[in-house]
Structure formats: structure tokens, C-alpha cells
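Student: One file is attached below, work_25.pdb, containing PDB, C-alpha atoms and all ligand atoms.
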ATOM      1  CA  MET A 180       0.000   0.000   0.000
ATOM      2  CA  TYR A 181       3.026   2.315   0.291
ATOM      3  CA  ASN A 182       4.946   3.506  -2.756
ATOM      4  CA  ASP A 183       8.692   2.844  -3.112
ATOM      5  CA  LYS A 184       9.693   6.315  -1.988
ATOM      6  CA  VAL A 185       7.733   6.021   1.255
ATOM      7  CA  LEU A 186       9.161   2.542   1.842
ATOM      8  CA  GLY A 187      12.680   3.832   1.152
ATOM      9  CA  HIS A 188      12.352   6.546   3.800
ATOM     10  CA  PHE A 189      10.780   4.104   6.240
ATOM     11  CA  GLU A 190      13.476   1.476   5.777
ATOM     12  CA  ASN A 191      16.332   3.968   5.666
ATOM     13  CA  PRO A 192      15.145   7.104   7.436
ATOM     14  CA  ARG A 193      17.382  10.188   7.182
ATOM     15  CA  ASN A 194      18.231  12.344  10.203
ATOM     16  CA  VAL A 195      17.044  10.008  12.950
ATOM     17  CA  GLY A 196      18.257  10.983  16.390
ATOM     18  CA  VAL A 197      18.455  13.710  18.954
ATOM     19  CA  ILE A 198      20.421  16.961  18.770
ATOM     20  CA  GLU A 199      22.099  17.579  22.111
ATOM     21  CA  ASN A 200      21.635  21.239  23.083
ATOM     22  CA  ALA A 201      19.054  21.715  20.338
ATOM     23  CA  ASP A 202      18.009  25.309  19.702
ATOM     24  CA  GLY A 203      14.366  24.235  19.485
ATOM     25  CA  ILE A 204      12.330  21.114  20.205
ATOM     26  CA  GLY A 205       8.870  20.321  18.853
ATOM     27  CA  GLU A 206       6.675  17.556  20.180
ATOM     28  CA  VAL A 207       3.389  16.381  18.694
ATOM     29  CA  GLY A 208       1.082  13.479  19.280
ATOM     30  CA  SER A 209      -1.536  12.311  16.843
ATOM     31  CA  PRO A 210      -5.053  12.582  18.232
ATOM     32  CA  VAL A 211      -6.044   9.827  15.806
ATOM     33  CA  CYS A 212      -3.656   7.081  16.868
ATOM     34  CA  GLY A 213      -1.602   8.391  19.806
ATOM     35  CA  ASP A 214       1.728   8.149  17.961
ATOM     36  CA  MET A 215       4.403  10.631  19.019
ATOM     37  CA  MET A 216       7.001  12.644  17.147
ATOM     38  CA  TYR A 217       9.846  14.881  18.351
ATOM     39  CA  PHE A 218      11.809  17.271  16.133
ATOM     40  CA  TYR A 219      15.119  18.864  17.165
ATOM     41  CA  ILE A 220      16.580  21.825  15.299
ATOM     42  CA  LYS A 221      19.879  23.665  15.172
ATOM     43  CA  VAL A 222      19.703  27.247  13.895
ATOM     44  CA  GLU A 223      22.449  29.504  12.574
ATOM     45  CA  ASN A 224      21.833  32.913  11.004
ATOM     46  CA  ASP A 225      18.109  32.204  10.821
ATOM     47  CA  LYS A 226      18.701  28.967   8.869
ATOM     48  CA  LEU A 227      18.120  25.358   9.814
ATOM     49  CA  VAL A 228      21.595  23.865   9.768
ATOM     50  CA  ASP A 229      20.493  20.565  11.303
ATOM     51  CA  VAL A 230      17.194  18.791  11.918
ATOM     52  CA  LYS A 231      16.784  15.447  13.644
ATOM     53  CA  PHE A 232      13.776  13.505  14.823
ATOM     54  CA  LYS A 233      12.521  10.639  16.932
ATOM     55  CA  THR A 234       9.238   9.116  15.908
ATOM     56  CA  PHE A 235       7.304   6.519  17.812
ATOM     57  CA  GLY A 236       4.787   5.730  15.159
ATOM     58  CA  CYS A 237       3.763   3.964  12.013
ATOM     59  CA  ALA A 238       5.745   3.533   8.809
ATOM     60  CA  ALA A 239       4.086   6.579   7.240
ATOM     61  CA  ALA A 240       4.939   8.753  10.247
ATOM     62  CA  ILE A 241       8.587   7.688  10.063
ATOM     63  CA  ALA A 242       8.756   8.324   6.307
ATOM     64  CA  VAL A 243       7.082  11.711   6.832
ATOM     65  CA  SER A 244       9.578  12.704   9.547
ATOM     66  CA  SER A 245      12.478  11.658   7.376
ATOM     67  CA  MET A 246      11.203  13.616   4.375
ATOM     68  CA  ALA A 247      10.233  16.712   6.380
ATOM     69  CA  SER A 248      13.682  16.829   7.994
ATOM     70  CA  GLU A 249      15.387  16.467   4.620
ATOM     71  CA  MET A 250      13.258  19.208   3.086
ATOM     72  CA  ALA A 251      13.868  21.577   6.002
ATOM     73  CA  ILE A 252      17.663  21.364   6.342
ATOM     74  CA  GLY A 253      19.201  24.428   4.688
ATOM     75  CA  MET A 254      15.947  26.400   4.638
ATOM     76  CA  SER A 255      15.402  29.695   6.416
ATOM     77  CA  LEU A 256      13.022  29.528   9.366
ATOM     78  CA  ASP A 257      10.371  31.420   7.386
ATOM     79  CA  GLU A 258      10.658  28.985   4.473
ATOM     80  CA  ALA A 259      10.427  25.975   6.775
ATOM     81  CA  MET A 260       7.328  27.420   8.452
ATOM     82  CA  LYS A 261       5.655  27.325   5.032
ATOM     83  CA  ILE A 262       6.181  23.570   4.557
ATOM     84  CA  THR A 263       2.734  21.993   4.747
ATOM     85  CA  SER A 264       1.778  18.416   5.441
ATOM     86  CA  SER A 265       0.561  18.101   1.857
ATOM     87  CA  ASP A 266       3.982  19.330   0.611
ATOM     88  CA  VAL A 267       5.585  16.501   2.570
ATOM     89  CA  ALA A 268       3.060  13.926   1.342
ATOM     90  CA  LYS A 269       3.578  15.170  -2.228
ATOM     91  CA  GLU A 270       7.378  14.876  -1.949
ATOM     92  CA  LEU A 271       6.834  11.296  -0.800
ATOM     93  CA  GLY A 272       4.819  10.606  -3.933
ATOM     94  CA  GLY A 273       1.553  10.411  -2.004
ATOM     95  CA  LEU A 274       0.270   8.454   0.979
ATOM     96  CA  PRO A 275      -2.722   6.140   1.252
ATOM     97  CA  GLU A 276      -5.916   8.013   2.159
ATOM     98  CA  ARG A 277      -6.202   6.543   5.638
ATOM     99  CA  LYS A 278      -2.565   7.482   6.357
ATOM    100  CA  LEU A 279      -2.947  11.165   5.591
ATOM    101  CA  HIS A 280      -3.290  12.052   9.282
ATOM    102  CA  CYS A 281       0.252  10.742   9.730
ATOM    103  CA  SER A 282       1.570  13.357   7.313
ATOM    104  CA  ASN A 283       0.300  16.164   9.555
ATOM    105  CA  LEU A 284       2.740  15.207  12.282
ATOM    106  CA  GLY A 285       5.955  16.024  10.401
ATOM    107  CA  ALA A 286       5.143  19.606   9.470
ATOM    108  CA  ASP A 287       3.521  20.211  12.871
ATOM    109  CA  ALA A 288       6.526  18.943  14.845
ATOM    110  CA  LEU A 289       8.913  20.972  12.687
ATOM    111  CA  HIS A 290       6.834  24.134  13.103
ATOM    112  CA  LYS A 291       6.619  23.595  16.856
ATOM    113  CA  ALA A 292      10.392  23.265  17.090
ATOM    114  CA  ILE A 293      10.779  26.572  15.226
ATOM    115  CA  GLU A 294       8.174  28.224  17.468
ATOM    116  CA  ASN A 295       9.999  26.862  20.503
ATOM    117  CA  TYR A 296      13.256  28.391  19.207
ATOM    118  CA  ARG A 297      11.580  31.697  18.414
ATOM    119  CA  GLY A 298       9.886  31.811  21.821
ATOM    120  CA  LYS A 299      13.223  31.381  23.533
ATOM    121  CA  ASN A 300      14.840  34.049  21.392
ATOM    122  CA  THR A 301      12.187  36.753  21.572
ATOM    123  CA  LYS A 302      13.480  39.783  23.328
ATOM    124  CA  ASP A 303      10.823  42.104  24.702
TER
HETATM  125 FE1  LIG B 401      -0.253   6.999  13.810
HETATM  126 FE2  LIG B 401       0.408   6.970  11.363
HETATM  127  S1  LIG B 401      -0.938   5.599  12.326
HETATM  128  S2  LIG B 401       0.970   8.409  12.796
END
Step by step, read the file and then write its structure as C-alpha cells.
Ligand code: FES
Tutor:
Amino acid sequence: MYNDKVLGHFENPRNVGVIENADGIGEVGSPVCGDMMYFYIKVENDKLVDVKFKTFGCAAAIAVSSMASEMAIGMSLDEAMKITSSDVAKELGGLPERKLHCSNLGADALHKAIENYRGKNTKD
């Protein structure tokens, strides 16, 4: 039911792990299935120089995390905030209908990590 690209990212996910002293951390849980995803980001000059993730979830969620992290590395924070779950699903060549909720997690966790970083770095 998964295409080869999704299976490739599931079997060989890119950027798995934790960044020690991450500049931002995003955590999301799926209300549909209870799976969890954590994104860790490293920021330099307003750019994502490193993105890693830990996903406790289904094959689609792992493939989505892998793809979202790959898309985001090298982007500015503003660019990465514009990545949508459908962008990630599209880059993966599509996901089965009943797995679309899984694709929300990647973009959400990434955005939360950026918001976490921005919250810490807001000077008022
Ligand atoms: Fe839970 Fe996919 S079934 S994220």
C-alpha cells in the first residue's frame, strides 16, 4: 500500500536521532492514533543547519519525519514554516488516504520546534 519512496524513507530514514543542546524542540502526538514525534533543530543565522527527529509511530509517520527533515535542512526559518503536510506527502509521492493524518505530524513537529526556538529568542 506504500509507494517505493515512502518505503525507502521508512526502511532507511534520514536524520534520525536527537540533537544535544538543540536550539528548538517540537513535540506532537496524533489525536487519531496516539503516535508521538519529536523534532530537534539547530539554527544559525536564521537557517536550519540541522534537523533530527525521533518518531514513535507507524511507517508513514517515520517516512514523513524523514522527508520533512530532509526538506527543512538548509531552509530559512520562514521557508520551513511554510512547509505543509501536503507538501511533505507530495514529496513522498503520495500516501494512502487513511494514512494522511500521519503526514500532519511532520510539518507540525517541525513548526513547533521553530516556534519553541523563536519563543526562547524573543526579546521584549
Ligand atoms: Fe499513527 Fe500513522 S498511524 S501516525
Student: With a distance cut-off of 12 Å and all atoms listed in the file, select the neighbouring residues of Met180 (chain A), excluding the residue or stretch itself and same-chain residues fewer than 3 positions from it, and output the selection as an MDAnalysis selection string.
Tutor: chainID A and resid 183:186 238:239 273:278
Student: For ligand LIG 401 (chain B), which of A:Val230, A:Cys237, A:Ala268, A:Ile198 is the closest residue, counting all atoms listed in the file?
Tutor: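 Ranking A:Val230, A:Cys237, A:Ala268, A:Ile198 by distance to ligand LIG 401 (chain B), first place goes to A:Cys237.
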Student: Apply the PyMOL selection byres (((not hetatm)) within 12 of (chain B and resi 401)) to the file shown and report the selected residues as a ChimeraX atom specification.
Tutor: /A:189,207-216,234-244,274-285
Student: Expand the PyMOL selection byres (((chain A and resi 258) around 12) and not hetatm) into the individual residues it matches in the shown file, reporting them as a PyMOL selection string.
Tutor: chain A and resi 225-227+250-257+259-263+286+289-290+293
Student: Grab the CA of Glu294 (chain A) to CA of Leu271 (chain A) distance for me, in Å with one decimal place.
Tutor: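 Between these atoms lies a distance of 24.9 Å.
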Student: Compile the contact shell of Lys299 (chain A) as number ranges by chain: residues with an atom at most 12 Å away, counting all atoms listed in the file, same-chain residues fewer than 4 positions apart removed.
Tutor: A: 201-204, 292-295, 303
Student: Report as a VMD selection string the full result of the PyMOL selection byres (((chain A and resi 194) around 10) and not hetatm) when it is applied to this structure.
Tutor: chain A and resid 191 to 193 195 to 198 229 to 233 244 to 249 252
Student: Would you mind reading off the distance between CA of Glu270 (chain A) and CA of Glu199 (chain A), one decimal, in Å?
Tutor: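 Calculated distance between CA of Glu270 (chain A) and CA of Glu199 (chain A) is 28.3 Å.
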Student: Find the axis-aligned box for region 191-199 of chain A, covering all its listed atoms and adding 3 Å on each side, and write its centre and edge lengths in Å to one decimal as JSON.
Tutor:
{"center_x": 18.6, "center_y": 10.8, "center_z": 13.9, "size_x": 13.0, "size_y": 19.6, "size_z": 22.4}
Student: CA of Tyr181 (chain A) and CA of Gly205 (chain A) are how many Å apart?
Tutor: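 Rounded to one decimal, the two atoms are 26.5 Å apart.
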Student: Using all atoms listed in the file, find the one residue out of A:Asn224, A:Tyr296, A:Lys269, A:Lys291 that sits nearest to Glu206 (chain A).
Tutor: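 Checking each candidate against Glu206 (chain A), we get A:Lys291 as the closest.
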Student: For a quick check of understanding, using all atoms listed in the file, which of A:Asn200, A:Lys221, A:Gly272, A:Arg297 has the smallest distance to Gly187 (chain A)?
Tutor: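 Once distances to Gly187 (chain A) are computed over all atoms listed in the file, the minimum belongs to A:Gly272.
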Student: For region 200-211 of chain A, supply all heavy atoms and report the output as a short mmCIF file (atom, residue, chain, number, x, y, z; two decimals), in the frame of the given file.
Tutor:
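Final file, rebuild36.cif:
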data_model
loop_
_atom_site.label_atom_id
_atom_site.label_comp_id
_atom_site.auth_asym_id
_atom_site.auth_seq_id
_atom_site.Cartn_x
_atom_site.Cartn_y
_atom_site.Cartn_z
N ASN A 200 21.67 19.77 23.07
CA ASN A 200 21.64 21.24 23.08
C ASN A 200 20.92 21.81 21.86
O ASN A 200 21.40 22.76 21.24
CB ASN A 200 23.05 21.84 23.15
CG ASN A 200 23.81 21.31 24.33
OD1 ASN A 200 23.25 21.21 25.43
ND2 ASN A 200 25.06 20.93 24.13
N ALA A 201 19.82 21.20 21.49
CA ALA A 201 19.05 21.72 20.34
C ALA A 201 18.60 23.15 20.62
O ALA A 201 18.35 23.51 21.76
CB ALA A 201 17.85 20.82 20.11
N ASP A 202 18.49 23.93 19.54
CA ASP A 202 18.01 25.31 19.70
C ASP A 202 16.49 25.33 19.86
O ASP A 202 15.94 26.27 20.42
CB ASP A 202 18.42 26.15 18.49
CG ASP A 202 19.93 26.30 18.42
OD1 ASP A 202 20.56 26.51 19.49
OD2 ASP A 202 20.49 26.19 17.31
N GLY A 203 15.82 24.31 19.33
CA GLY A 203 14.37 24.24 19.48
C GLY A 203 13.92 22.78 19.44
O GLY A 203 14.54 21.96 18.75
N ILE A 204 12.88 22.47 20.19
CA ILE A 204 12.33 21.11 20.20
C ILE A 204 10.83 21.21 19.98
O ILE A 204 10.15 22.04 20.60
CB ILE A 204 12.61 20.40 21.55
CG1 ILE A 204 14.12 20.31 21.80
CG2 ILE A 204 11.99 19.00 21.56
CD1 ILE A 204 14.49 19.73 23.15
N GLY A 205 10.32 20.37 19.10
CA GLY A 205 8.87 20.32 18.85
C GLY A 205 8.35 18.93 19.13
O GLY A 205 8.96 17.94 18.71
N GLU A 206 7.25 18.86 19.83
CA GLU A 206 6.68 17.56 20.18
C GLU A 206 5.22 17.55 19.75
O GLU A 206 4.48 18.49 20.03
CB GLU A 206 6.77 17.38 21.70
CG GLU A 206 6.06 16.16 22.21
CD GLU A 206 5.97 16.15 23.74
OE1 GLU A 206 6.80 16.79 24.41
OE2 GLU A 206 5.05 15.49 24.25
N VAL A 207 4.81 16.51 19.03
CA VAL A 207 3.39 16.38 18.69
C VAL A 207 2.94 14.93 18.88
O VAL A 207 3.72 14.00 18.72
CB VAL A 207 3.04 16.79 17.24
CG1 VAL A 207 3.13 18.27 17.02
CG2 VAL A 207 3.85 16.04 16.23
N GLY A 208 1.69 14.80 19.20
CA GLY A 208 1.08 13.48 19.28
C GLY A 208 -0.13 13.48 18.37
O GLY A 208 -0.82 14.49 18.25
N SER A 209 -0.36 12.37 17.71
CA SER A 209 -1.54 12.31 16.84
C SER A 209 -2.79 12.01 17.66
O SER A 209 -2.82 11.03 18.40
CB SER A 209 -1.35 11.22 15.80
OG SER A 209 -2.59 11.00 15.16
N PRO A 210 -3.80 12.86 17.53
CA PRO A 210 -5.05 12.58 18.23
C PRO A 210 -5.75 11.35 17.67
O PRO A 210 -6.56 10.72 18.33
CB PRO A 210 -5.89 13.84 18.00
CG PRO A 210 -5.28 14.54 16.85
CD PRO A 210 -3.85 14.08 16.75
N VAL A 211 -5.38 10.97 16.44
CA VAL A 211 -6.04 9.83 15.81
C VAL A 211 -5.54 8.50 16.37
O VAL A 211 -6.32 7.62 16.70
CB VAL A 211 -5.84 9.86 14.27
CG1 VAL A 211 -6.52 8.68 13.60
CG2 VAL A 211 -6.33 11.17 13.69
#
